[in-house]
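Undergrad: First the structure, then my questions, so here it is.
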Amino acid sequence: MKKTLYLKFILAYVLFALFGFFSVATFVSRLTYEFCQRQTARELYQEAARISETFAADLYNSEISLDMVQEQIESLSYYMGTEIWILNPSGRMIVNSKSAIDPDTEVVVKGFDPTVTQESYYTTGLFFDSFEEEQLSVIAPIVNDYKTRGYVVIHYPDAKIREEANSMLNISYIMLVVVLFLSMIILIFFTEIVYRPLREIIAATEQYASGNMHYELNVEGEDEMGYLAASVSYMARTVANSEDDQKKFIANVSHDFRSPLTSIRGFLEAMIDGTIPPEMHEHYLKVVLNETDRLTKLTNSLLSLNNLNTQGMILHMTDWDINAAVRAVSASFEQVCRNKDIRIRLILMGEILYVHADEDKIQQVLYNLVDNAIKFSSRDSEIEIETTEKGDKVYVSVRDNGIGIPKEDQNQIWERFYKTDLSRGKDKKGTGLGLSIVREVIRAHGENISLVSTPGAGSKFTFTLRRSDLNDALDDIEMDI
């Protein structure tokens, strides 16, 4: 383990160094060259513009002689290390800082096109095959009486720009060497404060894995390594309870599978024994199909059901009709209610009432609440499901006339696996997870759920959801109609 980890450290350091040198030699080198090129082009263009506004303009206005312009241009060219031209629009050479032009000899830059710079003010290359080495060339127009009389062209060897870029690049190489040296110090320091404590933690985990849960891990500290050691120690103390955690997970899954499976079984048995007539089979088969879809969704979210809390739950928030969900959930319990002579009464706010929430999880909340209400209601009783809105909230309540919940138990019913004494006789197969799931889902939405219950008179659960803005658009459409 020691050799492997050190090898990884060293390999990472070598890769870092190689990547650093590669980056400097490629990306940084190119960026430095382009920076120097733009900077040089900007300075040359400024100088070309000054020449076009002074010497060149005076030349075309016949205010200064050609010889004087030649002398000034040669001085500037020597000082700047450039080659300066003055060209006619046709490309004929008027002034060349390298050598004076014989008036009787016509020198033309073949193919000269002042638009070669396109949207920029400079270009690179051989400038219409006028040079043997690449040049950075800037072109500034000479304007007189709102007409372009000619152009000032300044050439600067591209090789000099690369020399300047390489000089600047040396600084980057020096900084890279300094960084690599500092990273070596960090590597040594990291090995001392991380690697050695990590070896002790690994030795402890090997002991725990072999069953020696009493092995003492002597790594102390208030940093991450100390926290890791404390976490491993805590894990060792709690690993004995893993079997209970597995049972809780299975209980979570079975609780959410039981209700839809019961509904599916009830409808199918009713269709087989003739309780549901053949002409109604299609309707109830659709209900069964909806229940199988629900089972599929539950299967896909087993992990989230095992860790129902506001930090771990992922919500898919959409705008949907809560009234339609209430009707669908009520329909899925129709056969169960018929067997117990229980009626479900719906008091819904309007035909459609949109909320902004996770549809699947809120449907799960309704399912659990209605399931509990039916479970603890006596025969020939009524369950009432109501939706109302107030401000930006929608209130959904499920009320039964069942056994009720004692006051001393009302704060504990939200805990997992908790059952009141009154419910134990009624709910022999229950796991005590339904209301815990309900509360965590509502909390994940940032909403509240409340309970009003009287033993022997029934219970009423009410939770809130965010009202959707689609309701306002729906009201406007109804007003227009």
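Every chain in the structure tokens takes a letter, A first, then B, and so on in the order presented; its residues are numbered from 1, and the ligands are numbered from 1 following the presented order.
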Would you kindly return, as a list in words, each protein, DNA or RNA residue with an atom no farther than 10 Å from any atom of Ser259 of chain A, considering only C-alpha atoms and excluding same-chain residues fewer than 3 positions away?

TA: Ser254, His255, Asp256, Thr262, Ser263, Ile264, Arg265, Glu291, Leu295, Ser332, Phe333, Val336, Tyr367, Asn368 and Asp371 of chain A

Undergrad: Write the residues of the preceding selection, restricted to N, CA and C atoms, as a PDB file, in the first residue's frame.

TA:
ATOM      1  N   SER A 254     -41.587  -2.530   1.446  1.00  0.00           N
ATOM      2  CA  SER A 254     -42.824  -3.301   1.531  1.00  0.00           C
ATOM      3  C   SER A 254     -44.014  -2.417   1.864  1.00  0.00           C
ATOM      4  N   HIS A 255     -43.798  -1.384   2.669  1.00  0.00           N
ATOM      5  CA  HIS A 255     -44.903  -0.492   3.030  1.00  0.00           C
ATOM      6  C   HIS A 255     -45.470   0.197   1.801  1.00  0.00           C
ATOM      7  N   ASP A 256     -44.584   0.679   0.930  1.00  0.00           N
ATOM      8  CA  ASP A 256     -45.059   1.421  -0.234  1.00  0.00           C
ATOM      9  C   ASP A 256     -45.536   0.505  -1.355  1.00  0.00           C
ATOM     10  N   THR A 262     -52.412  -4.383  -2.953  1.00  0.00           N
ATOM     11  CA  THR A 262     -53.719  -4.735  -2.404  1.00  0.00           C
ATOM     12  C   THR A 262     -54.831  -4.278  -3.324  1.00  0.00           C
ATOM     13  N   SER A 263     -54.688  -3.048  -3.853  1.00  0.00           N
ATOM     14  CA  SER A 263     -55.713  -2.529  -4.767  1.00  0.00           C
ATOM     15  C   SER A 263     -55.787  -3.391  -6.030  1.00  0.00           C
ATOM     16  N   ILE A 264     -54.613  -3.710  -6.603  1.00  0.00           N
ATOM     17  CA  ILE A 264     -54.586  -4.517  -7.823  1.00  0.00           C
ATOM     18  C   ILE A 264     -55.230  -5.876  -7.568  1.00  0.00           C
ATOM     19  N   ARG A 265     -54.863  -6.509  -6.442  1.00  0.00           N
ATOM     20  CA  ARG A 265     -55.430  -7.825  -6.117  1.00  0.00           C
ATOM     21  C   ARG A 265     -56.943  -7.743  -5.932  1.00  0.00           C
ATOM     22  N   GLU A 291     -51.932   1.639 -11.238  1.00  0.00           N
ATOM     23  CA  GLU A 291     -51.251   1.139 -10.040  1.00  0.00           C
ATOM     24  C   GLU A 291     -49.932   0.466 -10.405  1.00  0.00           C
ATOM     25  N   LEU A 295     -46.156   1.330  -9.172  1.00  0.00           N
ATOM     26  CA  LEU A 295     -45.179   0.366  -8.668  1.00  0.00           C
ATOM     27  C   LEU A 295     -43.851   0.501  -9.401  1.00  0.00           C
ATOM     28  N   SER A 332     -58.383   4.462  -6.764  1.00  0.00           N
ATOM     29  CA  SER A 332     -57.565   3.282  -6.523  1.00  0.00           C
ATOM     30  C   SER A 332     -57.971   2.537  -5.257  1.00  0.00           C
ATOM     31  N   PHE A 333     -58.691   3.229  -4.324  1.00  0.00           N
ATOM     32  CA  PHE A 333     -59.137   2.591  -3.089  1.00  0.00           C
ATOM     33  C   PHE A 333     -60.607   2.177  -3.159  1.00  0.00           C
ATOM     34  N   VAL A 336     -61.335  -1.446  -1.990  1.00  0.00           N
ATOM     35  CA  VAL A 336     -61.101  -1.591  -0.546  1.00  0.00           C
ATOM     36  C   VAL A 336     -62.225  -0.950   0.242  1.00  0.00           C
ATOM     37  N   TYR A 367     -51.734   8.926  -0.983  1.00  0.00           N
ATOM     38  CA  TYR A 367     -51.934   7.484  -0.893  1.00  0.00           C
ATOM     39  C   TYR A 367     -51.775   7.003   0.548  1.00  0.00           C
ATOM     40  N   ASN A 368     -50.727   7.434   1.212  1.00  0.00           N
ATOM     41  CA  ASN A 368     -50.474   6.997   2.592  1.00  0.00           C
ATOM     42  C   ASN A 368     -51.543   7.503   3.547  1.00  0.00           C
ATOM     43  N   ASP A 371     -54.799   5.637   2.845  1.00  0.00           N
ATOM     44  CA  ASP A 371     -54.623   4.262   3.294  1.00  0.00           C
ATOM     45  C   ASP A 371     -54.771   4.164   4.802  1.00  0.00           C
TER      46      ASP A 371
END

Undergrad: Please identify which residues in segment 235-408 of chain A DSSP calls helix (DSSP H, G or I) from the backbone, and express them as a ChimeraX atom specification.

TA: /A:235-273,278-300,302-306,322-332,334-340,359-375,407-408

Undergrad: Since we have the selection now, will you write its residues out, keeping C-alpha atoms, as a compact mmCIF listing (two decimals), in the first residue's frame?

TA:
# COMPACT_ATOMS: atom_id res chain seq x y z
CA MET A 235 -18.77 3.18 11.86
CA ALA A 236 -17.18 0.38 13.85
CA ARG A 237 -19.55 1.03 16.74
CA THR A 238 -22.60 1.00 14.52
CA VAL A 239 -21.74 -1.71 12.02
CA ALA A 240 -23.32 -4.30 14.35
CA ASN A 241 -26.66 -2.68 13.62
CA SER A 242 -26.39 -3.19 9.85
CA GLU A 243 -28.88 -6.03 9.94
CA ASP A 244 -31.46 -3.75 11.53
CA ASP A 245 -30.81 -1.14 8.85
CA GLN A 246 -31.44 -3.77 6.20
CA LYS A 247 -34.73 -4.71 7.84
CA LYS A 248 -35.75 -1.05 7.93
CA PHE A 249 -34.99 -0.71 4.25
CA ILE A 250 -37.11 -3.75 3.42
CA ALA A 251 -39.88 -2.38 5.63
CA ASN A 252 -39.80 0.92 3.74
CA VAL A 253 -40.10 -0.88 0.42
CA SER A 254 -42.82 -3.30 1.53
CA HIS A 255 -44.90 -0.49 3.03
CA ASP A 256 -45.06 1.42 -0.23
CA PHE A 257 -45.69 -1.71 -2.29
CA ARG A 258 -48.46 -3.11 -0.09
CA SER A 259 -51.19 -0.57 -0.84
CA PRO A 260 -51.05 -0.65 -4.66
CA LEU A 261 -50.66 -4.44 -4.65
CA THR A 262 -53.72 -4.74 -2.40
CA SER A 263 -55.71 -2.53 -4.77
CA ILE A 264 -54.59 -4.52 -7.82
CA ARG A 265 -55.43 -7.82 -6.12
CA GLY A 266 -58.83 -6.52 -4.99
CA PHE A 267 -59.85 -5.32 -8.46
CA LEU A 268 -58.65 -8.51 -10.15
CA GLU A 269 -60.46 -10.75 -7.63
CA ALA A 270 -63.63 -8.66 -8.06
CA MET A 271 -63.44 -9.07 -11.84
CA ILE A 272 -62.82 -12.82 -11.56
CA ASP A 273 -65.67 -13.54 -9.10
CA PRO A 278 -67.69 -7.29 -17.59
CA GLU A 279 -68.77 -3.95 -18.98
CA MET A 280 -66.81 -2.23 -16.16
CA HIS A 281 -63.64 -4.28 -16.67
CA GLU A 282 -62.00 -1.73 -18.97
CA HIS A 283 -62.43 1.04 -16.39
CA TYR A 284 -60.91 -0.99 -13.58
CA LEU A 285 -58.15 -2.39 -15.77
CA LYS A 286 -57.07 1.21 -16.36
CA VAL A 287 -57.01 1.70 -12.59
CA VAL A 288 -54.89 -1.45 -12.27
CA LEU A 289 -52.60 -0.16 -15.02
CA ASN A 290 -52.16 3.11 -13.13
CA GLU A 291 -51.25 1.14 -10.04
CA THR A 292 -48.63 -0.86 -11.95
CA ASP A 293 -47.17 2.41 -13.23
CA ARG A 294 -46.99 3.56 -9.64
CA LEU A 295 -45.18 0.37 -8.67
CA THR A 296 -42.69 0.94 -11.48
CA LYS A 297 -41.99 4.46 -10.23
CA LEU A 298 -41.59 3.16 -6.70
CA THR A 299 -39.10 0.58 -7.95
CA ASN A 300 -37.05 3.30 -9.63
CA LEU A 302 -36.05 2.62 -3.84
CA LEU A 303 -32.85 4.32 -2.78
CA SER A 304 -34.56 7.65 -2.16
CA LEU A 305 -37.25 5.87 -0.13
CA ASN A 306 -34.55 4.42 2.09
CA ILE A 322 -54.13 18.36 -7.29
CA ASN A 323 -57.85 17.70 -7.72
CA ALA A 324 -57.13 15.16 -10.46
CA ALA A 325 -54.61 13.44 -8.18
CA VAL A 326 -57.17 13.28 -5.37
CA ARG A 327 -59.70 11.68 -7.73
CA ALA A 328 -57.13 9.16 -8.97
CA VAL A 329 -56.06 8.14 -5.46
CA SER A 330 -59.69 7.83 -4.36
CA ALA A 331 -60.45 5.61 -7.36
CA SER A 332 -57.56 3.28 -6.52
CA GLU A 334 -62.64 2.00 -4.46
CA GLN A 335 -62.57 -1.77 -4.04
CA VAL A 336 -61.10 -1.59 -0.55
CA CYS A 337 -63.73 0.94 0.50
CA ARG A 338 -66.51 -1.26 -0.95
CA ASN A 339 -65.29 -4.22 1.10
CA LYS A 340 -65.43 -2.14 4.31
CA GLU A 359 -46.51 15.06 -8.49
CA ASP A 360 -45.32 11.51 -7.78
CA LYS A 361 -44.29 12.21 -4.21
CA ILE A 362 -47.42 14.20 -3.32
CA GLN A 363 -49.51 11.38 -4.80
CA GLN A 364 -47.56 9.10 -2.46
CA VAL A 365 -48.50 11.38 0.46
CA LEU A 366 -52.19 11.23 -0.49
CA TYR A 367 -51.93 7.48 -0.89
CA ASN A 368 -50.47 7.00 2.59
CA LEU A 369 -52.96 9.33 4.28
CA VAL A 370 -55.99 7.74 2.61
CA ASP A 371 -54.62 4.26 3.29
CA ASN A 372 -54.27 5.12 7.00
CA ALA A 373 -57.72 6.70 7.08
CA ILE A 374 -59.33 3.56 5.62
CA LYS A 375 -57.27 1.29 7.85
CA LYS A 407 -52.82 13.48 22.54
CA GLU A 408 -49.70 12.01 24.14

Undergrad: Give the answer as one residue: which of A:Phe461, A:Tyr395, A:Phe9, A:Tyr33 has the shortest atom-to-atom distance to Glu164 of chain A, using only C-alpha atoms?

TA: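 For Glu164 of chain A, the nearest of the candidates is A:Tyr33.
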
Undergrad: Which of these residues is nearest to Leu346 of chain A, using only C-alpha atoms: A:Asp358, A:Glu382, A:Glu134, A:Asp319?

TA: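 The closest residue to Leu346 of chain A is A:Glu382.
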
Undergrad: Could you name the residues that touch Gln46 of chain A at 9 Å or less, counting only C-alpha atoms, but leaving out those on the same chain fewer than 5 positions away, as JSON, numbers by chain?

TA: {"A": [41, 51, 140]}

Undergrad: Smallest atom-to-atom distance to Pro157 of chain A: which of A:Leu44, A:Ile413, A:Ala357, A:Val109, using only C-alpha atoms?

TA: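 Closest to Pro157 of chain A of all the choices is A:Leu44.
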
Undergrad: For segment 81-95 of chain A, work out the shell of residues within 8 Å, counting only C-alpha atoms and skipping chain neighbours fewer than 3 positions away, then give it as a PyMOL selection string.

TA: chain A and resi 56+66+69-70+73-74+77-78+98+100-101+106-114+148-157

Undergrad: Please, could you write that set of residues out with C-alpha atoms as an mmCIF file, in the first residue's frame?

TA:
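Printed below is result-v5.cif as written:
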data_model
loop_
_atom_site.group_PDB
_atom_site.id
_atom_site.type_symbol
_atom_site.label_atom_id
_atom_site.label_comp_id
_atom_site.auth_asym_id
_atom_site.auth_seq_id
_atom_site.Cartn_x
_atom_site.Cartn_y
_atom_site.Cartn_z
ATOM 1 C CA ALA A 56 2.893 61.835 -46.210
ATOM 2 C CA LEU A 66 10.356 64.030 -51.625
ATOM 3 C CA VAL A 69 10.333 62.900 -46.646
ATOM 4 C CA GLN A 70 12.861 60.228 -47.623
ATOM 5 C CA ILE A 73 11.344 58.138 -43.139
ATOM 6 C CA GLU A 74 14.867 56.642 -43.100
ATOM 7 C CA SER A 77 12.913 53.357 -39.862
ATOM 8 C CA TYR A 78 16.381 53.134 -38.315
ATOM 9 C CA LYS A 98 15.524 51.021 -47.248
ATOM 10 C CA ALA A 100 15.634 55.978 -52.276
ATOM 11 C CA ILE A 101 13.392 55.412 -55.296
ATOM 12 C CA GLU A 106 8.770 52.542 -61.499
ATOM 13 C CA VAL A 107 8.655 50.101 -58.569
ATOM 14 C CA VAL A 108 5.281 48.446 -58.097
ATOM 15 C CA VAL A 109 4.093 46.025 -55.421
ATOM 16 C CA LYS A 110 2.292 43.535 -57.617
ATOM 17 C CA GLY A 111 -1.162 42.572 -56.432
ATOM 18 C CA PHE A 112 -1.228 45.226 -53.709
ATOM 19 C CA ASP A 113 -4.606 45.281 -51.974
ATOM 20 C CA PRO A 114 -5.071 47.627 -48.990
ATOM 21 C CA THR A 148 -7.384 58.276 -50.222
ATOM 22 C CA ARG A 149 -4.192 59.429 -51.951
ATOM 23 C CA GLY A 150 -1.963 56.619 -50.850
ATOM 24 C CA TYR A 151 -0.905 54.401 -47.980
ATOM 25 C CA VAL A 152 1.806 54.284 -45.326
ATOM 26 C CA VAL A 153 3.006 50.731 -44.832
ATOM 27 C CA ILE A 154 5.333 49.723 -42.002
ATOM 28 C CA HIS A 155 6.967 46.282 -41.916
ATOM 29 C CA TYR A 156 8.438 44.678 -38.827
ATOM 30 C CA PRO A 157 10.240 41.287 -38.929
#

Undergrad: Rounded to one decimal, what separation in Å do you get between atom CA of Asn144 of chain A and atom CA of Thr105 of chain A?

TA: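 For atom CA of Asn144 of chain A relative to atom CA of Thr105 of chain A, the distance reads 25.6 Å.
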
Undergrad: Looking only at the backbone, which of the residues in segment 5-182 of chain A does DSSP tag as strand (DSSP E), as a PyMOL selection string?

TA: chain A and resi 83-87+93-96+122-125+135-144+147-157

Undergrad: Within 12 Å of Phe35 of chain A, counting only C-alpha atoms, which residues qualify if same-chain residues fewer than 2 places away don't, as a VMD selection string?

TA: chain A and resid 28 to 33 37 to 42 161 to 162 164 to 166 168 to 169

Undergrad: Kindly export the residues of the current selection with C-alpha atoms, as a PDB file, in the first residue's frame.

TA:
ATOM      1  CA  VAL A  28       1.341  30.054 -22.995  1.00  0.00           C
ATOM      2  CA  SER A  29       3.900  30.362 -25.791  1.00  0.00           C
ATOM      3  CA  ARG A  30       1.189  31.019 -28.348  1.00  0.00           C
ATOM      4  CA  LEU A  31      -0.654  33.471 -26.102  1.00  0.00           C
ATOM      5  CA  THR A  32       2.581  35.340 -25.402  1.00  0.00           C
ATOM      6  CA  TYR A  33       3.419  35.533 -29.107  1.00  0.00           C
ATOM      7  CA  GLN A  37       2.163  40.654 -32.032  1.00  0.00           C
ATOM      8  CA  ARG A  38      -0.932  42.705 -31.156  1.00  0.00           C
ATOM      9  CA  GLN A  39       1.082  45.095 -29.009  1.00  0.00           C
ATOM     10  CA  THR A  40       3.688  45.663 -31.751  1.00  0.00           C
ATOM     11  CA  ALA A  41       0.982  46.075 -34.400  1.00  0.00           C
ATOM     12  CA  ARG A  42      -0.811  48.667 -32.278  1.00  0.00           C
ATOM     13  CA  ILE A 161       8.435  39.513 -32.377  1.00  0.00           C
ATOM     14  CA  ARG A 162       9.142  35.865 -31.649  1.00  0.00           C
ATOM     15  CA  GLU A 164      10.489  39.279 -27.694  1.00  0.00           C
ATOM     16  CA  ALA A 165       7.845  36.612 -26.986  1.00  0.00           C
ATOM     17  CA  ASN A 166      10.534  34.065 -26.079  1.00  0.00           C
ATOM     18  CA  MET A 168       8.807  36.986 -21.935  1.00  0.00           C
ATOM     19  CA  LEU A 169       8.261  33.219 -22.020  1.00  0.00           C
TER      20      LEU A 169
END

Undergrad: Considering only C-alpha atoms, state which residue in the set A:Ile385, A:Arg443, A:Ile10, A:Leu470 is at the smallest distance from Ser183 of chain A.

TA: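 Result for the nearest residue to Ser183 of chain A: A:Ile10.
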